[in-house]
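Dropping final21.pdb in here (PDB, C-alpha atoms):
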MODEL        1
ATOM      1  CA  MET A  67      50.059 146.374 -10.713
ATOM      2  CA  GLU A  68      50.062 143.753 -13.409
ATOM      3  CA  ASP A  69      53.532 144.863 -14.418
ATOM      4  CA  LEU A  70      54.691 144.450 -10.715
ATOM      5  CA  MET A  71      53.338 140.932 -10.472
ATOM      6  CA  LYS A  72      55.100 140.026 -13.672
ATOM      7  CA  ASP A  73      58.376 141.367 -12.338
ATOM      8  CA  LEU A  74      58.017 139.343  -9.104
ATOM      9  CA  ALA A  75      57.253 136.211 -11.035
ATOM     10  CA  GLN A  76      60.310 136.721 -13.123
ATOM     11  CA  ALA A  77      62.443 137.329  -9.934
ATOM     12  CA  LYS A  78      61.497 133.885  -8.271
ATOM     13  CA  PRO A  79      64.567 131.645  -8.127
ATOM     14  CA  PRO A  80      64.473 128.630 -10.323
ATOM     15  CA  THR A  81      63.474 125.292  -8.824
ATOM     16  CA  PRO A  82      66.681 123.396  -7.812
ATOM     17  CA  GLU A  83      67.363 120.234  -9.652
ATOM     18  CA  VAL A  84      66.971 116.996  -7.599
ATOM     19  CA  ASP A  85      70.060 114.772  -7.363
ATOM     20  CA  PRO A  86      68.869 111.305  -6.235
ATOM     21  CA  GLN A  87      72.367 109.856  -5.952
ATOM     22  CA  ARG A  88      73.534 112.635  -3.618
ATOM     23  CA  MET A  89      70.439 112.277  -1.457
ATOM     24  CA  GLU A  90      71.135 108.550  -0.949
ATOM     25  CA  SER A  91      74.746 109.141  -0.007
ATOM     26  CA  ASP A  92      73.747 111.886   2.524
ATOM     27  CA  LEU A  93      71.151 109.563   4.112
ATOM     28  CA  ALA A  94      73.652 106.765   4.447
ATOM     29  CA  ARG A  95      76.157 109.078   6.107
ATOM     30  CA  ILE A  96      73.560 110.405   8.581
ATOM     31  CA  THR A  97      72.411 106.944   9.656
ATOM     32  CA  THR A  98      75.990 105.862  10.399
ATOM     33  CA  LEU A  99      76.766 108.826  12.710
ATOM     34  CA  PRO A 100      76.906 107.959  16.560
ATOM     35  CA  ARG A 101      73.811 109.015  18.429
ATOM     36  CA  ASP A 102      74.136 111.334  21.444
ATOM     37  CA  ARG A 103      73.711 109.473  24.827
ATOM     38  CA  PRO A 104      71.706 111.030  27.651
ATOM     39  CA  ALA A 105      73.897 112.597  30.343
ATOM     40  CA  ARG A 106      72.549 110.155  33.024
ATOM     41  CA  LYS A 107      73.614 107.098  31.054
ATOM     42  CA  GLN A 108      77.028 108.586  30.366
ATOM     43  CA  PHE A 109      77.531 109.237  34.133
ATOM     44  CA  VAL A 110      76.535 105.691  35.081
ATOM     45  CA  ARG A 111      78.792 104.065  32.545
ATOM     46  CA  ARG A 112      81.706 106.299  33.457
ATOM     47  CA  PHE A 113      81.553 105.793  37.261
ATOM     48  CA  ALA A 114      80.069 102.289  37.551
ATOM     49  CA  PRO A 115      83.517 100.584  37.784
ATOM     50  CA  LEU A 116      84.480 102.915  40.635
ATOM     51  CA  VAL A 117      81.278 102.087  42.515
ATOM     52  CA  VAL A 118      81.971  98.362  42.193
ATOM     53  CA  ILE A 119      85.528  98.778  43.515
ATOM     54  CA  ALA A 120      84.297 100.797  46.506
ATOM     55  CA  ALA A 121      81.690  98.145  47.351
ATOM     56  CA  VAL A 122      84.361  95.430  47.261
ATOM     57  CA  ILE A 123      86.563  97.442  49.648
ATOM     58  CA  VAL A 124      83.705  97.992  52.114
ATOM     59  CA  LEU A 125      82.798  94.302  52.044
ATOM     60  CA  ALA A 126      86.417  93.328  52.683
ATOM     61  CA  VAL A 127      86.639  95.670  55.681
ATOM     62  CA  VAL A 128      83.409  94.287  57.157
ATOM     63  CA  LEU A 129      84.519  90.671  56.730
ATOM     64  CA  MET A 130      88.028  91.218  58.105
ATOM     65  CA  PRO A 131      88.581  89.681  61.585
ATOM     66  CA  ALA A 132      88.490  92.195  64.409
ATOM     67  CA  PRO A 133      91.945  93.260  65.572
ATOM     68  CA  PRO A 134      93.001  91.706  68.894
ATOM     69  CA  GLN A 135      92.149  93.825  71.911
ATOM     70  CA  PRO A 136      95.143  95.202  73.773
ATOM     71  CA  VAL A 137      96.022  93.162  76.840
ATOM     72  CA  GLN A 138      94.918  94.988  79.960
ATOM     73  CA  PRO A 139      97.488  95.036  82.751
ATOM     74  CA  ALA A 140      96.575  92.827  85.677
ATOM     75  CA  ALA A 141      95.046  94.641  88.604
ATOM     76  CA  PRO A 142      97.416  94.976  91.534
ATOM     77  CA  PRO A 143      96.750  92.493  94.319
ATOM     78  CA  LYS A 144      94.762  93.586  97.323
ATOM     79  CA  TRP A 145      96.900  93.580 100.446
ATOM     80  CA  TRP A 146      95.785  93.527 104.039
ATOM     81  CA  HIS A 147      98.145  95.943 105.747
ATOM     82  CA  ALA A 148      98.775  95.694 109.494
ATOM     83  CA  LEU A 149     101.128  97.891 111.483
ATOM     84  CA  THR A 150     101.621  96.950 115.116
ATOM     85  CA  ARG A 151     103.914  97.935 117.972
ATOM     86  CA  GLN A 152     105.209  95.198 120.258
ATOM     87  CA  TRP A 153     106.584  95.747 123.733
ATOM     88  CA  SER A 154     107.665  93.168 126.305
ATOM     89  CA  LEU A 155     109.640  92.760 129.533
ATOM     90  CA  MET A 156     112.352  90.289 130.417
ATOM     91  CA  ILE A 157     114.088  89.843 133.771
ATOM     92  CA  VAL A 158     117.896  89.879 133.486
ATOM     93  CA  GLY A 159     121.062  90.328 135.521
ATOM     94  CA  ASP A 160     122.058  88.807 138.826
ATOM     95  CA  PRO A 161     119.230  86.605 140.174
ATOM     96  CA  ALA A 162     119.948  88.034 143.637
ATOM     97  CA  ASP A 163     119.456  91.597 142.400
ATOM     98  CA  PRO A 164     117.736  91.445 139.015
ATOM     99  CA  TYR A 165     116.498  94.201 136.775
ATOM    100  CA  ALA A 166     114.520  94.243 133.581
ATOM    101  CA  VAL A 167     114.969  95.040 129.902
ATOM    102  CA  SER A 168     112.208  96.090 127.542
ATOM    103  CA  PHE A 169     111.924  95.067 123.903
ATOM    104  CA  ASP A 170     110.220  97.774 121.868
ATOM    105  CA  HIS A 171     109.764  97.428 118.099
ATOM    106  CA  ARG A 172     107.241  97.534 115.275
ATOM    107  CA  THR A 173     106.055  94.907 112.842
ATOM    108  CA  GLU A 174     104.597  95.821 109.458
ATOM    109  CA  ARG A 175     102.791  93.034 107.668
ATOM    110  CA  TRP A 176     101.179  92.710 104.218
ATOM    111  CA  VAL A 177      98.979  89.692 103.540
ATOM    112  CA  ALA A 178      97.614  88.760 100.104
ATOM    113  CA  GLU A 179      95.880  85.591  98.989
ATOM    114  CA  ASN A 180      99.043  83.644  98.231
ATOM    115  CA  GLN A 181     101.847  85.483  99.955
ATOM    116  CA  GLN A 182     102.869  87.363 103.054
ATOM    117  CA  ILE A 183     105.558  89.971 103.568
ATOM    118  CA  ALA A 184     106.605  91.240 106.975
ATOM    119  CA  VAL A 185     109.129  93.746 108.228
ATOM    120  CA  ILE A 186     110.070  92.754 111.765
ATOM    121  CA  GLN A 187     112.146  94.481 114.454
ATOM    122  CA  LYS A 188     111.403  97.810 112.783
ATOM    123  CA  ASP A 189     112.605 100.809 114.818
ATOM    124  CA  GLY A 190     113.455  98.294 117.523
ATOM    125  CA  GLU A 191     115.507  98.770 120.668
ATOM    126  CA  VAL A 192     116.326  96.883 123.853
ATOM    127  CA  THR A 193     116.520  99.156 126.881
ATOM    128  CA  PRO A 194     117.364  98.301 130.519
ATOM    129  CA  PHE A 195     115.450  99.725 133.440
ATOM    130  CA  SER A 196     115.330  99.056 137.145
ATOM    131  CA  LEU A 197     112.604  97.249 139.003
ATOM    132  CA  ASP A 198     113.285  99.185 142.211
ATOM    133  CA  ARG A 199     114.544 102.496 140.802
ATOM    134  CA  GLY A 200     118.108 101.365 141.197
ATOM    135  CA  ASN A 201     120.918 101.504 138.658
ATOM    136  CA  GLU A 202     121.903  97.873 138.293
ATOM    137  CA  TRP A 203     122.867  97.953 134.616
ATOM    138  CA  GLU A 204     125.119 100.991 134.998
ATOM    139  CA  ALA A 205     126.576  99.551 138.194
ATOM    140  CA  ALA A 206     127.459  96.418 136.217
ATOM    141  CA  GLY A 207     129.463  98.574 133.758
ATOM    142  CA  LYS A 208     126.773  98.912 131.065
ATOM    143  CA  PRO A 209     127.413  95.513 129.477
ATOM    144  CA  GLU A 210     126.414  95.067 125.832
ATOM    145  CA  ALA A 211     124.747  91.746 126.659
ATOM    146  CA  VAL A 212     123.165  90.610 129.930
ATOM    147  CA  PRO A 213     122.063  87.140 131.080
ATOM    148  CA  GLN A 214     118.445  86.122 131.341
ATOM    149  CA  VAL A 215     117.199  85.179 134.780
ATOM    150  CA  GLY A 216     116.070  81.563 134.622
ATOM    151  CA  GLY A 217     117.185  81.183 131.005
ATOM    152  CA  ASP A 218     120.204  80.018 129.031
ATOM    153  CA  HIS A 219     120.662  83.033 126.744
ATOM    154  CA  LEU A 220     121.981  86.560 126.758
ATOM    155  CA  VAL A 221     120.075  89.687 125.787
ATOM    156  CA  ARG A 222     121.871  92.216 123.618
ATOM    157  CA  ILE A 223     121.273  95.810 124.736
ATOM    158  CA  GLY A 224     120.814  98.489 122.062
ATOM    159  CA  PRO A 225     119.074  98.881 118.706
ATOM    160  CA  MET A 226     117.591  95.961 116.807
ATOM    161  CA  LYS A 227     118.264  95.332 113.138
ATOM    162  CA  PRO A 228     115.167  95.094 110.928
ATOM    163  CA  ALA A 229     114.534  92.049 108.774
ATOM    164  CA  VAL A 230     112.216  91.294 105.856
ATOM    165  CA  GLN A 231     110.461  87.946 105.644
ATOM    166  CA  LYS A 232     108.507  86.813 102.590
ATOM    167  CA  THR A 233     106.575  83.569 102.374
ATOM    168  CA  ALA A 234     104.349  81.986  99.747
ATOM    169  CA  VAL A 235     101.322  80.390 101.346
ATOM    170  CA  SER A 236      98.382  78.373 100.106
ATOM    171  CA  GLY A 237      95.223  80.202 101.091
ATOM    172  CA  PHE A 238      95.271  82.512 104.090
ATOM    173  CA  GLN A 239      97.726  82.138 106.957
ATOM    174  CA  MET A 240      96.796  83.967 110.131
ATOM    175  CA  SER A 241     100.322  85.252 110.782
ATOM    176  CA  LEU A 242     103.948  84.450 110.123
ATOM    177  CA  HIS A 243     104.107  82.829 113.567
ATOM    178  CA  SER A 244     100.967  80.714 113.214
ATOM    179  CA  ASN A 245     100.442  77.408 111.460
ATOM    180  CA  ALA A 246      96.702  78.062 111.178
ATOM    181  CA  ARG A 247      95.702  78.381 107.523
ATOM    182  CA  PHE A 248      92.379  78.643 105.759
ATOM    183  CA  ASP A 249      91.551  78.300 102.094
ATOM    184  CA  SER A 250      89.301  81.324 102.473
ATOM    185  CA  LEU A 251      88.595  83.527 105.464
ATOM    186  CA  ASP A 252      85.303  84.466 103.827
ATOM    187  CA  SER A 253      84.001  80.934 104.372
ATOM    188  CA  LEU A 254      84.392  81.120 108.161
ATOM    189  CA  PRO A 255      81.047  81.246 110.021
ATOM    190  CA  ALA A 256      79.687  84.490 111.455
ATOM    191  CA  ASP A 257      77.935  82.661 114.303
ATOM    192  CA  PRO A 258      80.049  82.489 117.506
ATOM    193  CA  ARG A 259      79.223  78.848 118.238
ATOM    194  CA  GLU A 260      79.855  77.681 114.675
ATOM    195  CA  LEU A 261      83.016  79.776 114.464
ATOM    196  CA  GLY A 262      84.282  78.083 117.627
ATOM    197  CA  LYS A 263      83.723  74.678 116.026
ATOM    198  CA  ALA A 264      85.619  75.769 112.920
ATOM    199  CA  LEU A 265      88.589  76.982 114.970
ATOM    200  CA  GLU A 266      88.606  73.762 116.989
ATOM    201  CA  THR A 267      89.335  71.823 113.807
ATOM    202  CA  VAL A 268      92.578  73.789 113.515
ATOM    203  CA  VAL A 269      93.898  74.111 117.088
ATOM    204  CA  GLY A 270      91.877  71.571 119.084
ATOM    205  CA  LYS A 271      89.627  72.216 122.081
ATOM    206  CA  ASP A 272      92.146  74.160 124.172
ATOM    207  CA  PRO A 273      90.374  77.423 125.225
ATOM    208  CA  TYR A 274      93.556  79.515 125.152
ATOM    209  CA  ARG A 275      94.564  78.356 121.659
ATOM    210  CA  ILE A 276      91.034  78.931 120.378
ATOM    211  CA  GLY A 277      91.032  82.368 121.976
ATOM    212  CA  SER A 278      94.457  83.242 120.530
ATOM    213  CA  LEU A 279      93.318  82.206 117.047
ATOM    214  CA  ALA A 280      90.102  84.209 117.443
ATOM    215  CA  MET A 281      92.181  87.272 118.396
ATOM    216  CA  GLU A 282      94.369  86.832 115.309
ATOM    217  CA  LEU A 283      91.234  86.434 113.207
ATOM    218  CA  MET A 284      89.947  89.789 114.455
ATOM    219  CA  SER A 285      93.067  91.528 113.139
ATOM    220  CA  ALA A 286      92.812  89.792 109.748
ATOM    221  CA  ASN A 287      90.961  90.862 106.609
ATOM    222  CA  VAL A 288      87.531  89.494 107.560
ATOM    223  CA  ARG A 289      83.987  90.814 107.444
ATOM    224  CA  ASP A 290      82.581  92.856 110.310
ATOM    225  CA  ASP A 291      80.093  90.128 111.254
ATOM    226  CA  GLN A 292      82.906  87.561 111.461
ATOM    227  CA  ARG A 293      84.937  89.933 113.623
ATOM    228  CA  ARG A 294      81.992  90.444 115.990
ATOM    229  CA  ALA A 295      81.449  86.682 116.156
ATOM    230  CA  ALA A 296      85.100  86.176 117.143
ATOM    231  CA  PHE A 297      84.762  88.680 119.999
ATOM    232  CA  GLU A 298      81.538  87.062 121.212
ATOM    233  CA  LEU A 299      83.291  83.698 121.056
ATOM    234  CA  LEU A 300      86.052  85.005 123.335
ATOM    235  CA  LYS A 301      83.518  85.941 125.998
ATOM    236  CA  THR A 302      82.074  82.408 126.051
ATOM    237  CA  LEU A 303      85.379  80.507 126.452
ATOM    238  CA  ASP A 304      86.040  78.663 129.695
ATOM    239  CA  GLY A 305      87.700  81.004 132.206
ATOM    240  CA  ALA A 306      87.035  84.134 130.115
ATOM    241  CA  ARG A 307      86.452  87.404 131.969
ATOM    242  CA  PHE A 308      84.578  90.367 130.524
ATOM    243  CA  LEU A 309      86.422  93.630 131.268
ATOM    244  CA  GLY A 310      83.823  96.122 130.061
ATOM    245  CA  ASP A 311      85.037  99.595 129.045
ATOM    246  CA  VAL A 312      88.832  99.934 129.021
ATOM    247  CA  THR A 313      91.089 102.944 128.371
ATOM    248  CA  VAL A 314      94.425 102.026 126.805
ATOM    249  CA  LEU A 315      97.782 103.772 126.482
ATOM    250  CA  ASP A 316      96.896 106.450 123.960
ATOM    251  CA  GLU A 317      93.594 107.263 125.690
ATOM    252  CA  ARG A 318      91.602 105.190 123.223
ATOM    253  CA  ARG A 319      88.572 103.545 124.735
ATOM    254  CA  GLY A 320      87.314 100.096 123.921
ATOM    255  CA  THR A 321      85.673  96.971 125.245
ATOM    256  CA  GLY A 322      87.859  94.265 126.748
ATOM    257  CA  VAL A 323      87.810  90.547 127.477
ATOM    258  CA  ALA A 324      90.446  88.432 129.253
ATOM    259  CA  ILE A 325      91.287  84.727 129.053
ATOM    260  CA  ALA A 326      93.680  82.693 131.175
ATOM    261  CA  ALA A 327      97.090  82.214 129.549
ATOM    262  CA  PRO A 328      99.790  79.582 130.117
ATOM    263  CA  PRO A 329     102.862  80.602 132.154
ATOM    264  CA  THR A 330     105.960  82.005 130.479
ATOM    265  CA  PHE A 331     109.450  80.878 131.413
ATOM    266  CA  GLN A 332     109.699  83.813 133.863
ATOM    267  CA  PHE A 333     106.093  84.495 134.964
ATOM    268  CA  THR A 334     103.093  82.516 136.173
ATOM    269  CA  GLY A 335      99.488  83.553 136.752
ATOM    270  CA  VAL A 336      99.213  85.282 133.366
ATOM    271  CA  GLU A 337      96.077  86.326 131.481
ATOM    272  CA  THR A 338      95.717  87.698 127.978
ATOM    273  CA  GLN A 339      93.520  90.749 127.517
ATOM    274  CA  LEU A 340      92.076  91.969 124.230
ATOM    275  CA  VAL A 341      90.582  95.453 123.821
ATOM    276  CA  VAL A 342      88.542  96.194 120.700
ATOM    277  CA  ASP A 343      87.035  99.346 119.223
ATOM    278  CA  GLN A 344      83.334  99.422 120.075
ATOM    279  CA  GLU A 345      82.319 100.926 116.729
ATOM    280  CA  THR A 346      84.475  99.027 114.236
ATOM    281  CA  GLY A 347      85.184  95.822 116.131
ATOM    282  CA  LEU A 348      88.870  96.128 115.173
ATOM    283  CA  PRO A 349      91.366  95.261 117.915
ATOM    284  CA  ILE A 350      93.141  98.120 119.656
ATOM    285  CA  LEU A 351      95.417  96.313 122.075
ATOM    286  CA  GLU A 352      96.353  92.781 123.100
ATOM    287  CA  ARG A 353      98.433  92.343 126.245
ATOM    288  CA  ASP A 354      99.584  89.761 128.767
ATOM    289  CA  VAL A 355      99.370  90.824 132.424
ATOM    290  CA  ILE A 356     100.348  89.072 135.642
ATOM    291  CA  THR A 357      97.533  88.462 138.102
ATOM    292  CA  THR A 358      99.773  88.268 141.187
ATOM    293  CA  PRO A 359     102.854  90.251 142.357
ATOM    294  CA  GLN A 360     106.012  88.698 140.874
ATOM    295  CA  ARG A 361     109.700  89.624 140.621
ATOM    296  CA  GLY A 362     109.101  93.048 142.121
ATOM    297  CA  LEU A 363     106.209  93.834 139.773
ATOM    298  CA  PRO A 364     102.696  94.445 141.134
ATOM    299  CA  ALA A 365      99.659  92.467 140.025
ATOM    300  CA  GLY A 366      98.087  93.812 136.847
ATOM    301  CA  THR A 367     101.459  94.772 135.308
ATOM    302  CA  ALA A 368     101.680  94.174 131.574
ATOM    303  CA  ILE A 369     104.638  91.966 130.698
ATOM    304  CA  SER A 370     103.962  92.123 126.935
ATOM    305  CA  GLN A 371     101.569  93.916 124.636
ATOM    306  CA  GLU A 372     100.783  94.489 120.990
ATOM    307  CA  GLN A 373      99.218  97.764 119.949
ATOM    308  CA  TYR A 374      97.385  97.871 116.606
ATOM    309  CA  LEU A 375      98.278 101.109 114.817
ATOM    310  CA  LEU A 376      96.905 100.351 111.335
ATOM    311  CA  LEU A 377      94.569  97.694 109.988
ATOM    312  CA  GLU A 378      93.518  98.456 106.413
ATOM    313  CA  GLN A 379      93.160  97.104 102.900
ATOM    314  CA  VAL A 380      95.465  98.697 100.308
ATOM    315  CA  ASP A 381      96.150  98.202  96.588
ATOM    316  CA  PHE A 382      99.751  99.424  96.506
ATOM    317  CA  GLU A 383     102.798  97.225  96.750
ATOM    318  CA  PRO A 384     104.487  96.714 100.130
ATOM    319  CA  ILE A 385     107.015  99.386 101.065
ATOM    320  CA  LEU A 386     110.190  97.698 102.267
ATOM    321  CA  PRO A 387     113.265  99.198 103.937
ATOM    322  CA  GLN A 388     116.283  99.851 101.748
ATOM    323  CA  ASP A 389     119.406  97.700 102.005
ATOM    324  CA  VAL A 390     117.605  94.919 103.928
ATOM    325  CA  PRO A 391     117.710  91.581 102.064
ATOM    326  CA  VAL A 392     114.472  89.652 101.725
ATOM    327  CA  ASN A 393     114.583  86.452 103.782
ATOM    328  CA  GLY A 394     118.031  87.302 105.015
ATOM    329  CA  GLU A 395     119.337  86.311 108.421
ATOM    330  CA  VAL A 396     117.331  87.655 111.346
ATOM    331  CA  GLU A 397     119.619  89.113 113.982
ATOM    332  CA  SER A 398     117.729  88.471 117.192
ATOM    333  CA  PRO A 399     118.603  90.443 120.335
ATOM    334  CA  ILE A 400     118.482  87.128 122.230
ATOM    335  CA  ILE A 401     121.785  85.328 121.640
ATOM    336  CA  GLU A 402     123.665  82.282 122.850
ATOM    337  CA  ARG A 403     125.817  82.636 125.945
TER     338      ARG A 403
ENDMDL
END

Would you write the structure of this file as structure tokens?
Amino acid sequence: MEDLMKDLAQAKPPTPEVDPQRMESDLARITTLPRDRPARKQFVRRFAPLVVIAAVIVLAVVLMPAPPQPVQPAAPPKWWHALTRQWSLMIVGDPADPYAVSFDHRTERWVAENQQIAVIQKDGEVTPFSLDRGNEWEAAGKPEAVPQVGGDHLVRIGPMKPAVQKTAVSGFQMSLHSNARFDSLDSLPADPRELGKALETVVGKDPYRIGSLAMELMSANVRDDQRRAAFELLKTLDGARFLGDVTVLDERRGTGVAIAAPPTFQFTGVETQLVVDQETGLPILERDVITTPQRGLPAGTAISQEQYLLLEQVDFEPILPQDVPVNGEVESPIIER
């Protein structure tokens, strides 16, 4: 055992010699080596410039002025669309043996706030017919133009040529044939008495002119209460006559009122009758009738009438006939002798 311990003692490596100079140089080298950075700090330092750039971009986008909004197209104007059919009689030929001609045509009218467009003499025709079931026009050789009785003009027989009329108006004009204009139909009163006063300022105190304007108002783009007020006004005019329930040409029923009308150049004792729809208040028919027998026609015969086929508000542009110039010459069937 003692021998073993001696052998182990002899086998122990010798104690290494200490080199102070080498130890100092190793320490100096270690202290000058770069220290390892934590991964978090390395990430921040690497990506911080990118974060700053992104923030600048976001701020620039936020502070940029908003792009201009696209211009919305203007809404199409609202048009009041009226389609009517006009029919009238005229006495022509030899005064000793006269006959009649009828004028039959349509008028289509569009009315907006500052303009009106009308197609007149649409599908129009002038046709002769006998007052006593005779054949005067054929006996006269079917002339293309015949003289008026009591007038200075001729009447051309045959089809009418349509025409397009366009006018720019300030405010609302009742029709192309009326000088009555209003800045706004909406401002007209809905009370019959007050409405009458308003119409008097335009046409005076003449009952027929007030009644005619009230009838035109009823076919215009007005409120229902204004339309009812106009009809009630008609019934209160001097000389007005309430007709009650009336059946018109196409079997439509309505309520009618009549007012005395001035004579025409061929007829006297005339009254104007207006028939309106009882539910809507819209006019159905306006006609002039003779109250006494004249020129071979019995009392109560219509010598002219206007039938209202359409009265509506639309947002599409007026539909005009092709090859008809706007505001071109109107070729009337009544011509100089």

Among listed residues A:Thr267, A:Asn393, A:Ser154, A:Gln373, nearest A:Ile186 (using only C-alpha atoms):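 Using only C-alpha atoms, A:Ile186 sits closest to A:Asn393.
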
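Closest approach to A:Gln360 among A:Leu197, A:Val396, A:Ala296, A:Ala162: A:Leu197, based on only C-alpha atoms.
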
Result set, the PyMOL selection byres ((chain A and resi 377-383) around 8) on current file, as a compact mmCIF listing (two decimals) with C-alpha atoms, in the coordinates of the input:
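What follows is the written file part19.txt:
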# COMPACT_ATOMS: atom_id res chain seq x y z
CA PRO A 142 97.42 94.98 91.53
CA PRO A 143 96.75 92.49 94.32
CA LYS A 144 94.76 93.59 97.32
CA TRP A 145 96.90 93.58 100.45
CA TRP A 146 95.78 93.53 104.04
CA HIS A 147 98.14 95.94 105.75
CA ALA A 148 98.78 95.69 109.49
CA LEU A 149 101.13 97.89 111.48
CA SER A 285 93.07 91.53 113.14
CA ASN A 287 90.96 90.86 106.61
CA LEU A 348 88.87 96.13 115.17
CA TYR A 374 97.38 97.87 116.61
CA LEU A 375 98.28 101.11 114.82
CA LEU A 376 96.90 100.35 111.34
CA PRO A 384 104.49 96.71 100.13
CA ILE A 385 107.02 99.39 101.06

Explicit residues for the PyMOL selection byres ((chain A and resi 210-219) around 12) (as an NGL selection string): :A and (155-167 or 192-194 or 202-204 or 206-209 or 220-225 or 330-333 or 361 or 398-403)

With the PyMOL selection byres ((chain A and resi 312) around 12) as the selection, what would be picked from this file? Answer as a VMD selection string, please. chain A and resid 308 to 311 313 to 324 339 to 344 350 to 352

For atom CA of A:Arg199 and atom CA of A:Gly335, determine how far apart the two atoms are, in Å to one decimal place.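 For atom CA of A:Arg199 relative to atom CA of A:Gly335, the distance reads 24.5 Å.
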
Which is closer to A:Ala295 than all the others in A:Ala256, A:Ala184, A:Ala178, A:Ile325, using only C-alpha atoms?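 Of all the options, A:Ala256 lies closest to A:Ala295.
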
Between atom CA of A:Gly347 and atom CA of A:Lys263, what is the distance, to one decimal in Å?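 Going from atom CA of A:Gly347 over to atom CA of A:Lys263 covers 21.2 Å.
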